[in-house]
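Everything on this sheet refers to the single structure shown next.
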Amino acid sequence: MIAEDVWYDEDAGPLVRLYAITGGRAAVPADGITLSAIVQRVLGATAGRELSEPESEVLRLADRPVSVSEIAAWMRLPLGPVRVILGDLRDAGMITFPRSGDAAGHTDRRLLEQVLSGLRSL
Amino acid sequence: MKRGWRDVDPRLGAGLMLLVVLWLAATVPAVLGAAGRIQERSTADRLGSAVDATVVALQEERRLSAAALTAGDPAATPAAGDDTAGDPAPLAAARERTDLAGADLSSLTEGLRSHVYTAEAVDAARGLVSRLGTLDTIRGRVDDRTAESAELLAAYRAMIAAGLSMPELPGGSLARAREALSEEDALLRTALATRDGAGDAESLRVGSLAGERRAWLAAAPADLGTTVPALEAVEQRLLLAEGERVAPADWADVADPVSAALRDAQTRAVHDAVSAATPPAIGTTVWAGMIAGVGLVAVIGVLVAARRSAGAPAAATTREPESDAGQDRGLQPLLVDMHRRNQRLVHRLLRLLDGLERRQCEDETLEQLYRADHLATRVRRNVEKAITLSGGTPGRQWHQPMPLGEVVRGAAAEVDDYMRVSTAQIEPAALSGDAVLEVTHLLAELIDNAITYSPAETRVRTGGERDEDGGYTVTVTDAGPGMSDLDLENARQVMTDPEPPAGGLWSGFYAVGRFAARWEIDVRLARGAAGGLAAEVRIPADLMTEMSDTATTSVDLSVAAH
């Protein structure tokens with residue numbers, strides 16, 4: 001008989017596994033949603049379909065302009081799934097990237113590293 | 001020297017009484033055992049063949065219905081080698097055969113005639129009979145060409161699975177292998193006849209059906225001649241080769257011989273099973289007769305002897321009723337140990353996957369990792385279920401309350417076709433950490449059942465709201481054919497019974513009952529407003545708490561919903 005294994009809370013792992021967040025999809029929109037892109041909800045827009053819980057949470061966070069990395073941090077998710085969700089919401093006309101033109105191509109390595117260490121410390 | 005009964009010593013009289021009782025004690029189990037053997041034979045002979053006949057009729061009807069659907073599709077080319085496509089007469093005849101087989105089966109399971117069979121067999125047969133009630137719907141949709149291929153297959157699959165769940169089905173593994181091939185056949189007959197050929201979804205299903213068939217064949221090796229390699233070669237072409245078309249006729253050429261060989265093998269297996277059951281049945285009957293007859297002669301002999309003299313009764317030589325309780329006692333701890341080892345391994349596997357998924361990698365690699373993760377999660381569900389059902393406590397535990405939305409989504413993610421589950425209507429609330437695991441698995445069982453028994457293109461809806469008394473109710477609703485009153489009653493009984501149902505039937509509802517009993521959760525089953533099954537899970541108020549976290553801000557669904 002081996003010793004009983006017990007894993008509490010965080011050690012037990014996430015209740016909702018990553019694949020369930022995006023329905024198993026990993027493909028990020030081709031035009032790339034960068035880390036520092038700013039997202040804002042389109043007021044009054046309706047999706048015309050049922051929104052998943054993570055999608056609703058993104059919309060709530062995007063009530064005010066918010067960066068992609070900030071959304072990932074709030075939702076405690078890796079960037080990949082967050083970008084998939086953002087792509088879906090943009091396709092549904094629920095969010096816009098008002099300043100994405102400025103941000104694209106100007107990825108500051110130091111800023112990225114800070115964000116990364118911030119994410120890791122969560 | 002005449003002596004009457006009154007002269008017999010009272011002690012001797014008591015001894016004689018004891019002898020008679022012991023004789024009865026040995027005779028009754030032996031006679032019952034013999035009756036049981038005969039009953040098994042009768043089941044294998046009659047109910048089994050009635051179920052089998054119904055299944056075969058359903059398979060034929062499904063094949064012709066699939067062909068009829070393709071014939072109604074203007075984009076389809078007529079299936080070569082299948083001259084029945086488009087001709088309504090064979091389908092009408094097949095339906096009639098199904099109805100006849102169903103009526104025969106129904107009369108066997110009804111009334112007095114059913115007492116000859118075992119309870120499990122009767123349950124399975126009744127399950128099949130009640131599911132035959134869904135035939136009208138799907139036939140109507142085939143006739144007006146509104147049925148999708150997937151919907152057609154799901155409807156027939158549900159009926160046939162009910163029949164194949166009969167534990168004593170003669171040649172059971174072979175019948176199940178044949179069903180896997182038969183469904184694959186129906187699927188491909190439509191898919192290959194269309195302009196686009198078999199798509200990704202069809203290929204996936206073909207792969208899983210082929211795997212199912214191989215597994216059943218491995219369980220019951222049968223001599224199928226040289227038919228199988230050719231079939232597997234065509235399946236390989238379907239699954240692997242890109243752009244290469246498989247003509248409907250090519251498929252029929254390789255599938256039909258295997259199907260015929262399987263049918264022959266099943267007939268042989270049934271024949272063997274009946275012959276194998278015969279000697280034990282005869283043996284048990286002879287044994288019962290000997291105990292009853294020889295014992296009776298002995299008792300009479302002793303009585304006569306006692307009447308003649310006051311001699312002591314002969315020592316009774318009776319057979320103790322055999323006890324097989326305790327046979328499993330040595331195995332139980334071993335199994336529990338295995339579950340724990342598996343639990344540890346799958347936990348490590350999921351952690352590893354978690355780490356890999358969070359790394360930067362190609363989209364395609366990540367999607368494969370997600371698939372592996374989904375499979376591992378389903379394995380974990382089984383392992384944890386096994387631990388709970390054997391009285392243990394799984395390793396994942398929570399001190400913190402968890403949001404119910406996550407619990408429901410976690411449960412949905414534990415089943416096969418999780419993308420069909422809608423989880424957007426869960427009122428925010430927190431579930432006490434202690435109950436998280438059982439509530440998750442309980443909901444997973446109900447969602448799994450809903451997914452399995454509803455058409456593939458419909459959604460399974462979950463909902464959740466607080467009750468007035470501080471408790472919480474989660475609902476799981478599907479758009480399937482629902483359950484008959486008999487099935488509902490069976491499911492309720494299985495949920496309340498602490499003993500597992502015989503023959504592995506209804507094991508999902510049994511697990512629901514066990515998970516619910518741990519936390520005094522009330523599970524109610526009813527027919528949904530729009531057909532289908534509606535399961536209502538009432539979580540008592542003492543399991544509901546407040547979130548300790550700051551991230552409890554609720555999401556305004558009224559804006560999000562259209």
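Chain labels run A, B, ... following the order of the structure tokens; each chain numbers its residues from 1, and ligands are numbered from 1 in the order shown.
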
Near Leu15 in chain A, within 7 Å and counting only C-alpha atoms, which residues show up once chain neighbours fewer than 4 positions away are dropped, as a VMD selection string? chain B and resid 406 to 407 410

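If only C-alpha atoms are the atoms counted, then among B:Ser484, B:Leu152, B:Arg263, B:Ser165 the closest residue to Gly140 in chain B is B:Leu152.
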
Residue contacts of range 66-76 of chain A (7 Å, only C-alpha atoms) excluding same-chain residues fewer than 4 positions away, as JSON, numbers by chain: {"A": [35, 36, 37, 38, 39, 40, 58, 61, 62, 82, 119]}

Take the residues that were just selected and, keeping C-alpha atoms, output them as a compact mmCIF listing (two decimals), in the first residue's frame.
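Now in selection-v2.txt:
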```txt
# COMPACT_ATOMS: atom_id res chain seq x y z
CA LEU A 35 0.62 41.90 -25.75
CA SER A 36 0.38 45.63 -25.45
CA ALA A 37 -2.60 46.12 -27.73
CA ILE A 38 -5.41 48.02 -26.06
CA VAL A 39 -8.85 46.46 -26.07
CA GLN A 40 -12.15 48.21 -25.61
CA VAL A 58 -13.21 39.69 -21.05
CA LEU A 61 -12.72 43.77 -18.05
CA ALA A 62 -12.84 45.70 -21.32
CA VAL A 82 -6.85 35.05 -24.23
CA LEU A 119 2.57 36.84 -14.85
```

Contact set, chain A to chain B: 7 Å, only C-alpha atoms, as a PyMOL selection string: chain A and resi 1+5-9+12+15-16+19-20+23-27+46-53+56-57+60+78

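Distance-wise, CA of Leu108 in chain B and CA of Leu486 in chain B end up 16.6 Å apart.
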
Skipping near chain neighbours, those fewer than 5 positions away, what residues fall within 12 Å of Val234 in chain B using only C-alpha atoms, listed as a ChimeraX atom specification? /B:188,206-207,210,227-229,239-241,244-255

Could you turn the residues from that selection into a file that holds N, CA and C atoms, as a CSV table (one decimal), in the first residue's frame?
```
chain,number,residue,atom,x,y,z
B,188,LEU,N,-20.4,5.6,-43.6
B,188,LEU,CA,-19.7,5.8,-44.9
B,188,LEU,C,-20.5,5.7,-46.1
B,206,VAL,N,-15.1,7.3,-37.9
B,206,VAL,CA,-14.7,6.0,-38.5
B,206,VAL,C,-13.5,5.4,-37.7
B,207,GLY,N,-12.6,6.3,-37.3
B,207,GLY,CA,-11.4,5.8,-36.5
B,207,GLY,C,-11.9,5.2,-35.2
B,210,ALA,N,-13.8,2.0,-35.7
B,210,ALA,CA,-12.8,0.9,-36.1
B,210,ALA,C,-12.1,0.4,-34.8
B,227,THR,N,-10.9,-11.8,-44.2
B,227,THR,CA,-11.7,-10.7,-44.6
B,227,THR,C,-11.2,-9.4,-44.0
B,228,VAL,N,-10.6,-9.5,-42.8
B,228,VAL,CA,-10.3,-8.3,-42.0
B,228,VAL,C,-9.2,-7.4,-42.6
B,229,PRO,N,-8.1,-8.0,-43.0
B,229,PRO,CA,-7.0,-7.1,-43.5
B,229,PRO,C,-7.4,-6.1,-44.6
B,239,LEU,N,-8.5,7.1,-43.4
B,239,LEU,CA,-8.0,7.9,-42.2
B,239,LEU,C,-6.8,8.7,-42.5
B,240,LEU,N,-5.9,8.1,-43.3
B,240,LEU,CA,-4.6,8.7,-43.5
B,240,LEU,C,-4.4,9.4,-44.8
B,241,ALA,N,-4.7,8.7,-45.9
B,241,ALA,CA,-4.4,9.3,-47.2
B,241,ALA,C,-5.1,10.6,-47.5
B,244,GLU,N,-7.1,11.1,-51.5
B,244,GLU,CA,-7.5,9.9,-52.3
B,244,GLU,C,-8.9,9.5,-51.9
B,245,ARG,N,-9.7,9.3,-53.0
B,245,ARG,CA,-11.1,9.0,-52.8
B,245,ARG,C,-11.3,7.5,-52.6
B,246,VAL,N,-12.2,7.1,-51.7
B,246,VAL,CA,-12.6,5.7,-51.6
B,246,VAL,C,-14.0,5.7,-52.2
B,247,ALA,N,-14.1,4.9,-53.2
B,247,ALA,CA,-15.4,4.8,-53.9
B,247,ALA,C,-16.4,4.0,-53.0
B,248,PRO,N,-17.7,4.3,-53.0
B,248,PRO,CA,-18.6,3.5,-52.2
B,248,PRO,C,-18.5,2.0,-52.5
B,249,ALA,N,-18.3,1.7,-53.7
B,249,ALA,CA,-18.2,0.2,-54.1
B,249,ALA,C,-17.0,-0.4,-53.4
B,250,ASP,N,-15.9,0.3,-53.4
B,250,ASP,CA,-14.7,-0.3,-52.7
B,250,ASP,C,-15.0,-0.6,-51.3
B,251,TRP,N,-15.7,0.3,-50.6
B,251,TRP,CA,-16.0,0.1,-49.2
B,251,TRP,C,-16.9,-1.1,-49.1
B,252,ALA,N,-18.0,-1.1,-49.9
B,252,ALA,CA,-18.9,-2.3,-49.8
B,252,ALA,C,-18.2,-3.6,-50.0
B,253,ASP,N,-17.2,-3.6,-50.9
B,253,ASP,CA,-16.5,-4.8,-51.2
B,253,ASP,C,-15.8,-5.4,-50.0
B,254,VAL,N,-15.2,-4.5,-49.2
B,254,VAL,CA,-14.4,-5.0,-48.1
B,254,VAL,C,-15.3,-5.1,-46.8
B,255,ALA,N,-16.3,-4.3,-46.7
B,255,ALA,CA,-17.1,-4.3,-45.4
B,255,ALA,C,-18.1,-5.5,-45.4
```

Find the residues around range 89-99 of chain B up to 9 Å (only C-alpha atoms counted), leave out those fewer than 5 positions away in its own chain, and share them as a VMD selection string. chain B and resid 53 to 58 60 to 65 68 84 104 132 139

Give the helix (DSSP H, G or I) residues of range 379-480 of chain B, as DSSP finds them on the backbone, and put them as a VMD selection string. chain B and resid 379 to 389 404 to 412 418 to 420 433 to 452

Write the residues of the selection above to a file with N, CA and C atoms, as a tab-separated table (two decimals), in the first residue's frame.
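So again_25.tsv came out as:
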```tsv
chain	number	residue	atom	x	y	z
B	379	VAL	N	-9.62	10.34	-18.17
B	379	VAL	CA	-9.06	9.21	-17.41
B	379	VAL	C	-9.13	9.54	-15.92
B	380	ARG	N	-8.76	10.79	-15.58
B	380	ARG	CA	-8.77	11.17	-14.17
B	380	ARG	C	-10.18	11.04	-13.59
B	381	ARG	N	-11.17	11.44	-14.40
B	381	ARG	CA	-12.54	11.32	-13.91
B	381	ARG	C	-12.86	9.86	-13.57
B	382	ASN	N	-12.47	8.94	-14.44
B	382	ASN	CA	-12.74	7.52	-14.19
B	382	ASN	C	-12.03	7.04	-12.94
B	383	VAL	N	-10.76	7.44	-12.80
B	383	VAL	CA	-9.98	6.97	-11.65
B	383	VAL	C	-10.60	7.49	-10.36
B	384	GLU	N	-10.94	8.79	-10.35
B	384	GLU	CA	-11.51	9.36	-9.14
B	384	GLU	C	-12.88	8.76	-8.83
B	385	LYS	N	-13.61	8.45	-9.89
B	385	LYS	CA	-14.92	7.81	-9.70
B	385	LYS	C	-14.74	6.43	-9.06
B	386	ALA	N	-13.75	5.68	-9.56
B	386	ALA	CA	-13.49	4.35	-9.01
B	386	ALA	C	-13.12	4.45	-7.54
B	387	ILE	N	-12.31	5.46	-7.20
B	387	ILE	CA	-11.90	5.61	-5.79
B	387	ILE	C	-13.13	5.94	-4.93
B	388	THR	N	-13.96	6.88	-5.40
B	388	THR	CA	-15.14	7.24	-4.61
B	388	THR	C	-16.08	6.05	-4.46
B	389	LEU	N	-16.32	5.33	-5.57
B	389	LEU	CA	-17.28	4.22	-5.50
B	389	LEU	C	-16.77	3.08	-4.63
B	404	LEU	N	-19.29	28.26	-8.48
B	404	LEU	CA	-20.08	27.18	-9.08
B	404	LEU	C	-19.97	27.15	-10.60
B	405	GLY	N	-19.79	28.34	-11.18
B	405	GLY	CA	-19.62	28.39	-12.64
B	405	GLY	C	-18.44	27.53	-13.06
B	406	GLU	N	-17.34	27.63	-12.30
B	406	GLU	CA	-16.15	26.83	-12.64
B	406	GLU	C	-16.41	25.35	-12.42
B	407	VAL	N	-17.17	25.04	-11.36
B	407	VAL	CA	-17.48	23.64	-11.09
B	407	VAL	C	-18.27	23.05	-12.26
B	408	VAL	N	-19.26	23.79	-12.74
B	408	VAL	CA	-20.09	23.29	-13.85
B	408	VAL	C	-19.25	23.17	-15.13
B	409	ARG	N	-18.41	24.20	-15.39
B	409	ARG	CA	-17.59	24.14	-16.61
B	409	ARG	C	-16.56	23.03	-16.51
B	410	GLY	N	-16.01	22.83	-15.30
B	410	GLY	CA	-15.07	21.73	-15.09
B	410	GLY	C	-15.73	20.40	-15.35
B	411	ALA	N	-16.99	20.28	-14.90
B	411	ALA	CA	-17.73	19.02	-15.10
B	411	ALA	C	-17.97	18.80	-16.59
B	412	ALA	N	-18.36	19.85	-17.30
B	412	ALA	CA	-18.63	19.72	-18.74
B	412	ALA	C	-17.36	19.29	-19.47
B	418	TYR	N	-17.57	17.93	-25.10
B	418	TYR	CA	-17.86	19.04	-24.20
B	418	TYR	C	-18.26	20.32	-24.91
B	419	MET	N	-17.91	20.42	-26.22
B	419	MET	CA	-18.25	21.65	-26.92
B	419	MET	C	-19.76	21.83	-27.08
B	420	ARG	N	-20.50	20.75	-26.91
B	420	ARG	CA	-21.96	20.84	-27.05
B	420	ARG	C	-22.65	21.33	-25.79
B	433	GLY	N	-15.46	24.08	-0.50
B	433	GLY	CA	-14.38	23.31	-1.12
B	433	GLY	C	-14.51	21.81	-0.93
B	434	ASP	N	-15.02	21.39	0.24
B	434	ASP	CA	-15.12	19.95	0.53
B	434	ASP	C	-15.92	19.20	-0.53
B	435	ALA	N	-16.97	19.86	-1.05
B	435	ALA	CA	-17.90	19.14	-1.93
B	435	ALA	C	-17.56	19.30	-3.41
B	436	VAL	N	-16.50	20.08	-3.72
B	436	VAL	CA	-16.22	20.41	-5.12
B	436	VAL	C	-16.05	19.16	-5.98
B	437	LEU	N	-15.25	18.21	-5.50
B	437	LEU	CA	-14.94	17.05	-6.34
B	437	LEU	C	-16.19	16.21	-6.64
B	438	GLU	N	-16.97	15.93	-5.61
B	438	GLU	CA	-18.14	15.08	-5.83
B	438	GLU	C	-19.18	15.80	-6.70
B	439	VAL	N	-19.38	17.11	-6.44
B	439	VAL	CA	-20.37	17.83	-7.25
B	439	VAL	C	-19.92	17.87	-8.71
B	440	THR	N	-18.61	18.06	-8.92
B	440	THR	CA	-18.10	18.08	-10.30
B	440	THR	C	-18.39	16.75	-10.99
B	441	HIS	N	-18.04	15.66	-10.33
B	441	HIS	CA	-18.24	14.36	-10.98
B	441	HIS	C	-19.71	14.00	-11.12
B	442	LEU	N	-20.51	14.41	-10.16
B	442	LEU	CA	-21.95	14.16	-10.24
B	442	LEU	C	-22.51	14.84	-11.50
B	443	LEU	N	-22.14	16.14	-11.66
B	443	LEU	CA	-22.65	16.86	-12.84
B	443	LEU	C	-22.08	16.26	-14.12
B	444	ALA	N	-20.83	15.82	-14.06
B	444	ALA	CA	-20.22	15.22	-15.26
B	444	ALA	C	-21.02	13.98	-15.69
B	445	GLU	N	-21.46	13.18	-14.73
B	445	GLU	CA	-22.25	11.99	-15.08
B	445	GLU	C	-23.54	12.40	-15.79
B	446	LEU	N	-24.23	13.41	-15.24
B	446	LEU	CA	-25.50	13.83	-15.82
B	446	LEU	C	-25.29	14.44	-17.21
B	447	ILE	N	-24.22	15.25	-17.33
B	447	ILE	CA	-23.94	15.89	-18.62
B	447	ILE	C	-23.55	14.83	-19.64
B	448	ASP	N	-22.76	13.86	-19.20
B	448	ASP	CA	-22.33	12.77	-20.07
B	448	ASP	C	-23.56	12.01	-20.60
B	449	ASN	N	-24.48	11.72	-19.71
B	449	ASN	CA	-25.71	11.02	-20.08
B	449	ASN	C	-26.50	11.84	-21.11
B	450	ALA	N	-26.59	13.16	-20.83
B	450	ALA	CA	-27.34	14.04	-21.73
B	450	ALA	C	-26.69	14.08	-23.10
B	451	ILE	N	-25.36	14.15	-23.14
B	451	ILE	CA	-24.62	14.20	-24.41
B	451	ILE	C	-24.84	12.90	-25.18
B	452	THR	N	-24.75	11.78	-24.46
B	452	THR	CA	-24.83	10.48	-25.12
B	452	THR	C	-26.21	10.24	-25.72
```

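Straight-line separation from CA of Leu209 in chain B to CA of Gly133 in chain B: 25.7 Å.
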
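Here CA of Ala502 in chain B and CA of Arg176 in chain B stand 19.5 Å from one another.
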